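Containing mmCIF, C-alpha atoms and all ligand atoms: target-v1.cif.
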data_query
loop_
_atom_site.label_atom_id
_atom_site.label_comp_id
_atom_site.auth_asym_id
_atom_site.auth_seq_id
_atom_site.Cartn_x
_atom_site.Cartn_y
_atom_site.Cartn_z
CA MET C 1 -3.07 -5.10 10.56
CA SER C 2 -4.77 -2.36 12.60
CA GLY C 3 -4.47 1.43 12.68
CA LEU C 4 -5.75 4.49 10.88
CA LEU C 5 -4.27 3.36 7.55
CA ALA C 6 -4.72 -0.39 7.93
CA GLY C 7 -4.27 -2.10 4.58
CA LYS C 8 -3.52 1.12 2.69
CA ARG C 9 -0.77 1.15 0.07
CA LEU C 10 1.09 4.46 -0.13
CA LEU C 11 3.67 6.05 -2.38
CA VAL C 12 5.70 8.60 -0.42
CA THR C 13 8.09 10.98 -2.19
CA GLY C 14 10.55 13.40 -0.61
CA VAL C 15 12.64 11.44 1.91
CA ILE C 16 16.23 12.69 1.94
CA THR C 17 17.08 12.70 5.67
CA ASP C 18 15.30 11.44 8.76
CA ALA C 19 14.29 15.08 9.38
CA SER C 20 12.30 15.12 6.10
CA ILE C 21 8.58 15.62 6.62
CA ALA C 22 8.17 12.62 4.29
CA PHE C 23 10.19 10.42 6.65
CA SER C 24 7.77 11.21 9.49
CA VAL C 25 4.82 10.49 7.20
CA ALA C 26 6.31 7.14 6.11
CA LYS C 27 7.15 6.15 9.70
CA LEU C 28 3.74 7.07 11.14
CA ALA C 29 1.97 5.48 8.18
CA GLN C 30 3.75 2.17 8.74
CA GLU C 31 3.01 2.39 12.46
CA ASN C 32 -0.64 2.83 11.51
CA GLY C 33 -0.91 -0.18 9.25
CA ALA C 34 0.11 1.13 5.83
CA GLN C 35 2.46 -0.45 3.32
CA VAL C 36 4.89 2.22 2.07
CA VAL C 37 6.88 2.53 -1.14
CA LEU C 38 9.31 5.46 -1.29
CA THR C 39 10.72 7.41 -4.18
CA GLY C 40 14.13 9.01 -3.96
CA TYR C 41 15.81 11.74 -5.95
CA GLY C 42 19.51 12.24 -6.58
CA ARG C 43 21.40 10.63 -3.74
CA LEU C 44 19.62 7.30 -3.95
CA SER C 45 22.01 5.35 -1.72
CA LEU C 46 21.42 7.95 1.01
CA VAL C 47 17.63 7.59 0.66
CA GLU C 48 18.02 3.78 0.79
CA ARG C 49 20.04 4.10 3.99
CA ILE C 50 17.40 6.36 5.56
CA ALA C 51 14.64 3.98 4.41
CA LYS C 52 16.23 1.25 6.53
CA ARG C 53 15.56 3.39 9.64
CA LEU C 54 11.80 3.04 9.16
CA PRO C 55 9.96 0.51 11.32
CA GLU C 56 9.73 -1.66 8.15
CA PRO C 57 12.49 -1.14 5.57
CA ALA C 58 10.72 0.35 2.52
CA PRO C 59 11.62 -0.13 -1.15
CA VAL C 60 12.97 2.98 -2.91
CA ILE C 61 12.21 3.82 -6.54
CA GLU C 62 14.27 6.48 -8.31
CA LEU C 63 12.17 9.49 -9.33
CA ASP C 64 13.18 12.89 -10.58
CA VAL C 65 9.73 14.40 -10.74
CA THR C 66 10.74 16.57 -13.71
CA ASP C 67 11.88 13.58 -15.81
CA PRO C 68 9.11 12.49 -18.23
CA GLU C 69 10.67 9.03 -18.77
CA GLN C 70 10.88 8.27 -15.07
CA LEU C 71 7.32 9.51 -14.59
CA ALA C 72 6.09 7.31 -17.44
CA GLY C 73 7.75 4.25 -15.90
CA LEU C 74 6.67 4.97 -12.33
CA ALA C 75 3.45 2.92 -12.22
CA ASP C 76 5.21 -0.24 -13.48
CA LYS C 77 8.00 0.19 -10.95
CA VAL C 78 5.51 0.68 -8.10
CA ARG C 79 3.61 -2.43 -9.27
CA GLU C 80 6.71 -4.52 -8.52
CA HIS C 81 6.00 -3.84 -4.82
CA VAL C 82 2.23 -3.26 -4.47
CA ASP C 83 -0.77 -4.08 -6.65
CA GLY C 84 -2.33 -0.62 -6.39
CA LEU C 85 -2.15 2.68 -4.52
CA ASP C 86 -4.58 4.17 -1.99
CA GLY C 87 -2.52 7.27 -1.41
CA VAL C 88 0.28 9.41 -2.85
CA VAL C 89 2.32 11.93 -0.86
CA HIS C 90 4.06 14.79 -2.65
CA SER C 91 6.71 16.18 -0.30
CA ILE C 92 8.95 17.83 -2.85
CA GLY C 93 10.25 21.36 -3.18
CA PHE C 94 13.24 23.05 -4.71
CA ALA C 95 14.24 26.53 -5.89
CA PRO C 96 17.65 27.70 -7.11
CA GLN C 97 19.41 30.02 -4.64
CA SER C 98 18.71 33.10 -6.82
CA CYS C 99 14.97 32.60 -6.20
CA LEU C 100 15.26 32.79 -2.40
CA GLY C 101 16.65 35.07 0.27
CA GLY C 102 15.55 38.44 -1.11
CA GLY C 103 16.48 38.02 -4.78
CA PHE C 104 12.89 38.27 -6.02
CA LEU C 105 13.54 41.18 -8.39
CA ASP C 106 16.65 39.64 -9.97
CA ALA C 107 15.94 35.91 -10.34
CA SER C 108 16.04 34.80 -13.99
CA TRP C 109 13.13 33.07 -15.71
CA ASP C 110 15.24 29.92 -16.12
CA ASP C 111 15.72 29.69 -12.37
CA VAL C 112 12.09 30.54 -11.63
CA ALA C 113 11.00 27.95 -14.21
CA THR C 114 13.05 25.31 -12.38
CA ALA C 115 11.38 26.24 -9.07
CA LEU C 116 7.91 26.01 -10.62
CA HIS C 117 8.66 22.77 -12.45
CA VAL C 118 9.95 20.95 -9.35
CA SER C 119 7.67 22.51 -6.74
CA THR C 120 4.36 23.19 -8.55
CA TYR C 121 3.86 21.38 -11.86
CA SER C 122 5.28 18.20 -10.35
CA TYR C 123 2.22 17.86 -8.11
CA LYS C 124 0.11 17.24 -11.19
CA SER C 125 2.82 15.14 -12.87
CA LEU C 126 3.15 12.83 -9.87
CA ALA C 127 -0.61 12.40 -9.50
CA VAL C 128 -1.05 11.59 -13.19
CA ALA C 129 1.88 9.14 -13.12
CA ALA C 130 0.32 7.31 -10.17
CA LEU C 131 -3.25 7.45 -11.50
CA PRO C 132 -3.24 4.05 -13.27
CA LEU C 133 -2.76 2.46 -9.83
CA MET C 134 -5.45 4.45 -8.05
CA SER C 135 -9.17 3.81 -7.55
CA PRO C 136 -12.14 5.61 -5.95
CA GLY C 137 -11.36 6.59 -2.34
CA GLY C 138 -7.74 7.37 -3.25
CA SER C 139 -6.01 10.41 -1.82
CA VAL C 140 -3.22 12.70 -3.00
CA VAL C 141 -1.60 14.88 -0.32
CA GLY C 142 1.04 17.61 -0.70
CA LEU C 143 2.91 20.02 1.55
CA THR C 144 2.67 23.79 1.28
CA PHE C 145 3.84 26.84 3.20
CA ASP C 146 0.86 29.23 3.50
CA ALA C 147 0.94 31.19 0.24
CA THR C 148 -1.84 33.67 0.97
CA GLN C 149 0.72 36.37 1.73
CA ALA C 150 4.27 37.38 0.74
CA TRP C 151 6.95 36.33 3.21
CA PRO C 152 10.44 37.82 3.63
CA VAL C 153 13.12 35.62 1.94
CA TYR C 154 10.68 33.01 0.58
CA ASP C 155 10.34 34.91 -2.72
CA TRP C 156 9.77 32.69 -5.79
CA MET C 157 9.23 29.64 -3.60
CA GLY C 158 6.20 31.52 -2.26
CA VAL C 159 4.96 31.98 -5.82
CA ALA C 160 5.57 28.27 -6.45
CA LYS C 161 3.54 27.40 -3.35
CA ALA C 162 0.69 29.70 -4.43
CA GLY C 163 0.70 27.77 -7.70
CA LEU C 164 0.78 24.47 -5.83
CA GLU C 165 -2.25 25.48 -3.80
CA SER C 166 -4.12 26.32 -6.98
CA ALA C 167 -2.89 23.15 -8.72
CA SER C 168 -4.26 21.09 -5.84
CA ARG C 169 -7.69 22.67 -6.29
CA TYR C 170 -7.58 21.94 -10.04
CA LEU C 171 -6.48 18.37 -9.34
CA ALA C 172 -9.44 18.06 -6.97
CA LEU C 173 -11.65 19.32 -9.82
CA HIS C 174 -10.26 16.97 -12.44
CA LEU C 175 -9.90 13.82 -10.30
CA GLY C 176 -13.16 14.20 -8.37
CA LYS C 177 -15.13 12.20 -10.93
CA GLN C 178 -12.80 9.27 -10.29
CA GLY C 179 -13.41 9.57 -6.55
CA ILE C 180 -9.85 10.74 -5.88
CA ARG C 181 -9.18 13.57 -3.44
CA SER C 182 -6.39 16.18 -3.46
CA ASN C 183 -5.51 18.09 -0.31
CA LEU C 184 -2.55 20.00 1.13
CA VAL C 185 -1.08 20.42 4.58
CA ALA C 186 0.26 23.95 5.25
CA ALA C 187 3.02 23.29 7.74
CA GLY C 188 4.77 25.88 9.89
CA PRO C 189 8.57 26.17 9.61
CA LEU C 190 10.51 22.96 10.26
CA ARG C 191 14.27 22.48 10.28
CA THR C 192 14.73 20.21 7.27
CA MET C 193 17.34 20.18 4.53
CA ALA C 194 15.04 22.22 2.25
CA ALA C 195 14.46 24.82 4.98
CA LYS C 196 18.17 25.14 5.72
CA SER C 197 18.80 26.04 2.08
CA ILE C 198 16.71 29.22 2.48
CA PRO C 199 18.95 32.14 3.49
CA GLY C 200 17.29 34.00 6.38
CA PHE C 201 14.99 31.09 7.33
CA GLU C 202 15.57 31.96 11.02
CA GLN C 203 13.23 34.94 10.53
CA PHE C 204 10.34 32.50 10.22
CA GLU C 205 11.53 30.58 13.23
CA ASP C 206 11.58 33.70 15.44
CA ALA C 207 8.20 34.90 14.14
CA TRP C 208 6.53 31.54 14.83
CA ALA C 209 7.96 31.17 18.29
CA GLY C 210 6.49 34.54 19.26
CA ARG C 211 3.10 34.35 17.62
CA ALA C 212 1.68 30.84 17.24
CA PRO C 213 -1.07 30.51 19.90
CA LEU C 214 -0.24 26.86 20.48
CA GLY C 215 3.50 27.45 20.32
CA TRP C 216 5.62 25.76 17.67
CA ASP C 217 8.40 23.18 17.76
CA LEU C 218 10.71 23.68 14.76
CA THR C 219 12.12 20.18 15.12
CA ASP C 220 8.89 18.19 15.42
CA GLN C 221 7.64 16.96 12.03
CA GLU C 222 5.02 14.73 13.58
CA PRO C 223 2.09 17.18 13.75
CA ALA C 224 2.36 17.85 9.99
CA ALA C 225 2.78 14.13 9.33
CA ARG C 226 -0.29 13.29 11.42
CA ALA C 227 -2.38 15.67 9.32
CA CYS C 228 -1.09 13.97 6.16
CA LEU C 229 -2.15 10.60 7.59
CA ALA C 230 -5.61 11.94 8.42
CA LEU C 231 -6.05 13.19 4.84
CA LEU C 232 -4.80 9.87 3.45
CA SER C 233 -7.25 7.97 5.66
CA ASP C 234 -10.95 7.30 5.20
CA TRP C 235 -11.80 10.00 7.76
CA PHE C 236 -11.96 12.87 5.24
CA PRO C 237 -14.05 11.10 2.58
CA ALA C 238 -15.84 14.25 1.38
CA THR C 239 -12.94 16.71 1.60
CA THR C 240 -10.95 17.75 -1.45
CA GLY C 241 -9.22 20.92 -2.67
CA GLU C 242 -8.66 21.76 1.00
CA ILE C 243 -5.63 23.16 2.84
CA VAL C 244 -5.22 22.11 6.47
CA HIS C 245 -2.96 24.41 8.49
CA VAL C 246 -0.60 22.69 10.89
CA ASP C 247 1.21 25.76 12.16
CA GLY C 248 0.34 26.13 15.83
CA GLY C 249 -2.45 28.51 14.74
CA TYR C 250 -0.05 31.16 13.37
CA HIS C 251 -2.14 31.86 10.25
CA ALA C 252 -5.21 32.66 12.32
CA VAL C 253 -3.89 35.50 14.45
CA GLY C 254 -2.54 39.00 13.86
CA ALA C 255 0.85 40.26 15.01
N1 LIG J 301 10.50 22.60 6.22
C1 LIG J 301 9.57 23.53 6.24
O1 LIG J 301 9.66 24.52 6.97
C2 LIG J 301 8.35 23.36 5.37
C3 LIG J 301 7.17 24.07 5.70
C4 LIG J 301 6.05 23.93 4.89
C5 LIG J 301 6.11 23.11 3.78
N2 LIG J 301 7.27 22.44 3.48
C6 LIG J 301 7.30 21.59 2.28
O2 LIG J 301 7.44 20.25 2.66
C7 LIG J 301 7.94 19.52 1.55
C8 LIG J 301 9.08 18.63 2.01
O3 LIG J 301 10.19 19.41 2.38
P1 LIG J 301 11.02 19.16 3.71
O4 LIG J 301 10.95 20.41 4.49
O5 LIG J 301 10.67 17.87 4.33
O6 LIG J 301 12.54 19.13 3.17
P2 LIG J 301 13.46 17.96 2.60
O7 LIG J 301 14.69 18.64 2.08
O8 LIG J 301 13.64 16.89 3.60
O9 LIG J 301 12.59 17.38 1.38
C9 LIG J 301 12.55 17.98 0.09
C10 LIG J 301 12.58 16.84 -0.90
O10 LIG J 301 12.40 17.28 -2.25
C11 LIG J 301 13.11 16.37 -3.05
N3 LIG J 301 13.32 16.86 -4.41
C12 LIG J 301 13.94 18.00 -4.80
N4 LIG J 301 13.98 18.05 -6.15
C13 LIG J 301 13.35 16.91 -6.62
C14 LIG J 301 13.07 16.39 -7.90
N5 LIG J 301 13.44 17.03 -9.03
N6 LIG J 301 12.41 15.20 -8.00
C15 LIG J 301 12.03 14.53 -6.89
N7 LIG J 301 12.27 14.97 -5.63
C16 LIG J 301 12.92 16.15 -5.51
C17 LIG J 301 14.42 16.19 -2.29
O11 LIG J 301 15.12 15.03 -2.73
C18 LIG J 301 13.90 16.06 -0.86
O12 LIG J 301 13.67 14.71 -0.54
C19 LIG J 301 8.32 20.56 0.49
O13 LIG J 301 7.27 20.70 -0.44
C20 LIG J 301 8.44 21.81 1.34
O14 LIG J 301 8.30 23.00 0.57
C21 LIG J 301 8.37 22.54 4.26
#

Step by step, read the file and then write its structure as structure tokens.
Amino acid sequence: MSGLLAGKRLLVTGVITDASIAFSVAKLAQENGAQVVLTGYGRLSLVERIAKRLPEPAPVIELDVTDPEQLAGLADKVREHVDGLDGVVHSIGFAPQSCLGGGFLDASWDDVATALHVSTYSYKSLAVAALPLMSPGGSVVGLTFDATQAWPVYDWMGVAKAGLESASRYLALHLGKQGIRSNLVAAGPLRTMAAKSIPGFEQFEDAWAGRAPLGWDLTDQEPAARACLALLSDWFPATTGEIVHVDGGYHAVGA
């Protein structure tokens, strides 16, 4: 097997449609020599159907990343398919509708807590659940949407992403001794199921089209996926706690 990820065994969460960023990661990873195990949440038969569209059909393990029992059983279930993990991809986000679209001042703590549990705390939960299978050189990669500023309509999801960015740095701190890295890719807006659930998401789309120096294709998940592959590979051996922007350069320029 040849390619950037030759021989690597990966756990990829977050596939729900073939537009999911995770689907692009899984596809490119297989094309580059990796063995991929997927996790699916909720509509498992749908995830299994989508998994068959990969170059190599991938096994799907059920995982609600907020369910302690499923997290506790994850390593054993993964072991049925691979004998260890070189990389874990967290491509999971969710916030109740009240938390998005301008409702920042009114969202209840219960709803905000759900957003933070699924989108922020789960990064740590997933890494810890996979840890028994990982060894030095391992890599954990997640997806963020640049949380250094407040965006219109992103509201509590923006707070969740700020937390995720911090959680990734703490994971880097706590897993560094074991030789395991934690890094995030900050992707520009992409038309996925999660994005479509954000009322007013088109505002991001228009802003990006006008400002990103390299331009930006809202329907091309591959640039973000490629960055995930790079961070999963052996080509960033001394990089952890980092955030790589894959946004056409939007974050770097003023309006
Ligand atoms: N689409 C964008 O514009 C964009 C930009 C930057 C970052 N991101 C991030 O990329 C990641 C992937 O999102 P996407 O855009 O590919 O959308 P998507 O809808 O394809 O993927 C989101 C995934 O989260 C999963 N999920 C939700 N709740 C879960 C739970 N409790 N347990 C396990 N899985 C759960 C869903 O099943 C789905 O597979 C998210 O973290 C998202 O915030 C997206």

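Considering the residues C:Ala113, C:Leu85, C:Leu133, C:Ala186 and counting all atoms listed in the file, ligand LIG 301 (chain J) has its shortest atom-to-atom contact with C:Ala186.
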
Counting all atoms listed in the file, name the residues that have an atom within 8 Å of an atom of ligand LIG 301 (chain J); the answer should be given as a PDB file with C-alpha atoms, in the frame of the given file.
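Written output follows (selection.pdb):
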ATOM      1  CA  THR C  13       8.090  10.980  -2.190  1.00  0.00           C
ATOM      2  CA  GLY C  14      10.550  13.400  -0.610  1.00  0.00           C
ATOM      3  CA  VAL C  15      12.640  11.440   1.910  1.00  0.00           C
ATOM      4  CA  ILE C  16      16.230  12.690   1.940  1.00  0.00           C
ATOM      5  CA  THR C  17      17.080  12.700   5.670  1.00  0.00           C
ATOM      6  CA  ASP C  18      15.300  11.440   8.760  1.00  0.00           C
ATOM      7  CA  ALA C  19      14.290  15.080   9.380  1.00  0.00           C
ATOM      8  CA  SER C  20      12.300  15.120   6.100  1.00  0.00           C
ATOM      9  CA  ILE C  21       8.580  15.620   6.620  1.00  0.00           C
ATOM     10  CA  ALA C  22       8.170  12.620   4.290  1.00  0.00           C
ATOM     11  CA  PHE C  23      10.190  10.420   6.650  1.00  0.00           C
ATOM     12  CA  THR C  39      10.720   7.410  -4.180  1.00  0.00           C
ATOM     13  CA  GLY C  40      14.130   9.010  -3.960  1.00  0.00           C
ATOM     14  CA  TYR C  41      15.810  11.740  -5.950  1.00  0.00           C
ATOM     15  CA  GLY C  42      19.510  12.240  -6.580  1.00  0.00           C
ATOM     16  CA  ARG C  43      21.400  10.630  -3.740  1.00  0.00           C
ATOM     17  CA  LEU C  63      12.170   9.490  -9.330  1.00  0.00           C
ATOM     18  CA  ASP C  64      13.180  12.890 -10.580  1.00  0.00           C
ATOM     19  CA  VAL C  65       9.730  14.400 -10.740  1.00  0.00           C
ATOM     20  CA  THR C  66      10.740  16.570 -13.710  1.00  0.00           C
ATOM     21  CA  ASP C  67      11.880  13.580 -15.810  1.00  0.00           C
ATOM     22  CA  HIS C  90       4.060  14.790  -2.650  1.00  0.00           C
ATOM     23  CA  SER C  91       6.710  16.180  -0.300  1.00  0.00           C
ATOM     24  CA  ILE C  92       8.950  17.830  -2.850  1.00  0.00           C
ATOM     25  CA  GLY C  93      10.250  21.360  -3.180  1.00  0.00           C
ATOM     26  CA  PHE C  94      13.240  23.050  -4.710  1.00  0.00           C
ATOM     27  CA  VAL C 118       9.950  20.950  -9.350  1.00  0.00           C
ATOM     28  CA  SER C 119       7.670  22.510  -6.740  1.00  0.00           C
ATOM     29  CA  GLY C 142       1.040  17.610  -0.700  1.00  0.00           C
ATOM     30  CA  LEU C 143       2.910  20.020   1.550  1.00  0.00           C
ATOM     31  CA  THR C 144       2.670  23.790   1.280  1.00  0.00           C
ATOM     32  CA  PHE C 145       3.840  26.840   3.200  1.00  0.00           C
ATOM     33  CA  ASP C 146       0.860  29.230   3.500  1.00  0.00           C
ATOM     34  CA  MET C 157       9.230  29.640  -3.600  1.00  0.00           C
ATOM     35  CA  LYS C 161       3.540  27.400  -3.350  1.00  0.00           C
ATOM     36  CA  VAL C 185      -1.080  20.420   4.580  1.00  0.00           C
ATOM     37  CA  ALA C 186       0.260  23.950   5.250  1.00  0.00           C
ATOM     38  CA  ALA C 187       3.020  23.290   7.740  1.00  0.00           C
ATOM     39  CA  GLY C 188       4.770  25.880   9.890  1.00  0.00           C
ATOM     40  CA  PRO C 189       8.570  26.170   9.610  1.00  0.00           C
ATOM     41  CA  LEU C 190      10.510  22.960  10.260  1.00  0.00           C
ATOM     42  CA  ARG C 191      14.270  22.480  10.280  1.00  0.00           C
ATOM     43  CA  THR C 192      14.730  20.210   7.270  1.00  0.00           C
ATOM     44  CA  MET C 193      17.340  20.180   4.530  1.00  0.00           C
ATOM     45  CA  ALA C 194      15.040  22.220   2.250  1.00  0.00           C
ATOM     46  CA  ALA C 195      14.460  24.820   4.980  1.00  0.00           C
ATOM     47  CA  LEU C 218      10.710  23.680  14.760  1.00  0.00           C
TER      48      LEU C 218
END

Across C:Leu44, C:Leu229, C:Val88, C:Val246, the smallest distance to Trp216 of chain C, with only C-alpha atoms counted, is shown by C:Val246

Q: Within 12 Å of Gly210 of chain C, counting all atoms listed in the file, which residues show up once you throw out same-chain ones fewer than 2 positions away? Write them as a ChimeraX atom specification, please.
A: /C:203-208,212-217,248-250,253-255

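Across the model, the gap from atom CA of Thr120 of chain C to atom CA of Leu164 of chain C is 4.7 Å.
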
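Of the residues under consideration (C:Pro237, C:Gly158, C:Gly179, C:Gly84), C:Gly158 shows the shortest atom-to-atom contact distance to Cys99 of chain C when counting all atoms listed in the file.
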
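Coordinates place atom CA of His117 of chain C at a distance of 20.6 Å from atom CA of Lys196 of chain C.
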
Students should find that atom CA of Pro55 of chain C and atom CA of Leu126 of chain C are spaced 25.4 Å

Of C:Ala147, C:Ala72, C:Ala34, C:Ala29, the one sitting nearest Ala129 of chain C when using all atoms listed in the file is C:Ala72

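Across C:Trp156, C:Lys177, C:Pro68, C:Val60, the tightest approach to Leu105 of chain C is made by C:Trp156 when counting all atoms listed in the file.
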
Long-range neighbours of Gly33 of chain C as a JSON list (two decimals) with C-alpha atoms, keeping the file's coordinate frame, 9 Å cut-off, all atoms listed in the file, 5 positions minimum in chain:
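Result file follows (part_2.json):
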[["chain", "number", "residue", "atom", "x", "y", "z"],
["C", 1, "MET", "CA", -3.07, -5.10, 10.56],
["C", 2, "SER", "CA", -4.77, -2.36, 12.60],
["C", 3, "GLY", "CA", -4.47, 1.43, 12.68],
["C", 4, "LEU", "CA", -5.75, 4.49, 10.88],
["C", 5, "LEU", "CA", -4.27, 3.36, 7.55],
["C", 6, "ALA", "CA", -4.72, -0.39, 7.93],
["C", 7, "GLY", "CA", -4.27, -2.10, 4.58],
["C", 8, "LYS", "CA", -3.52, 1.12, 2.69],
["C", 28, "LEU", "CA", 3.74, 7.07, 11.14]]

For Ala107 of chain C, the closest of C:Lys52, C:Leu11, C:Ser139, C:Asp155 counting all atoms listed in the file is C:Asp155
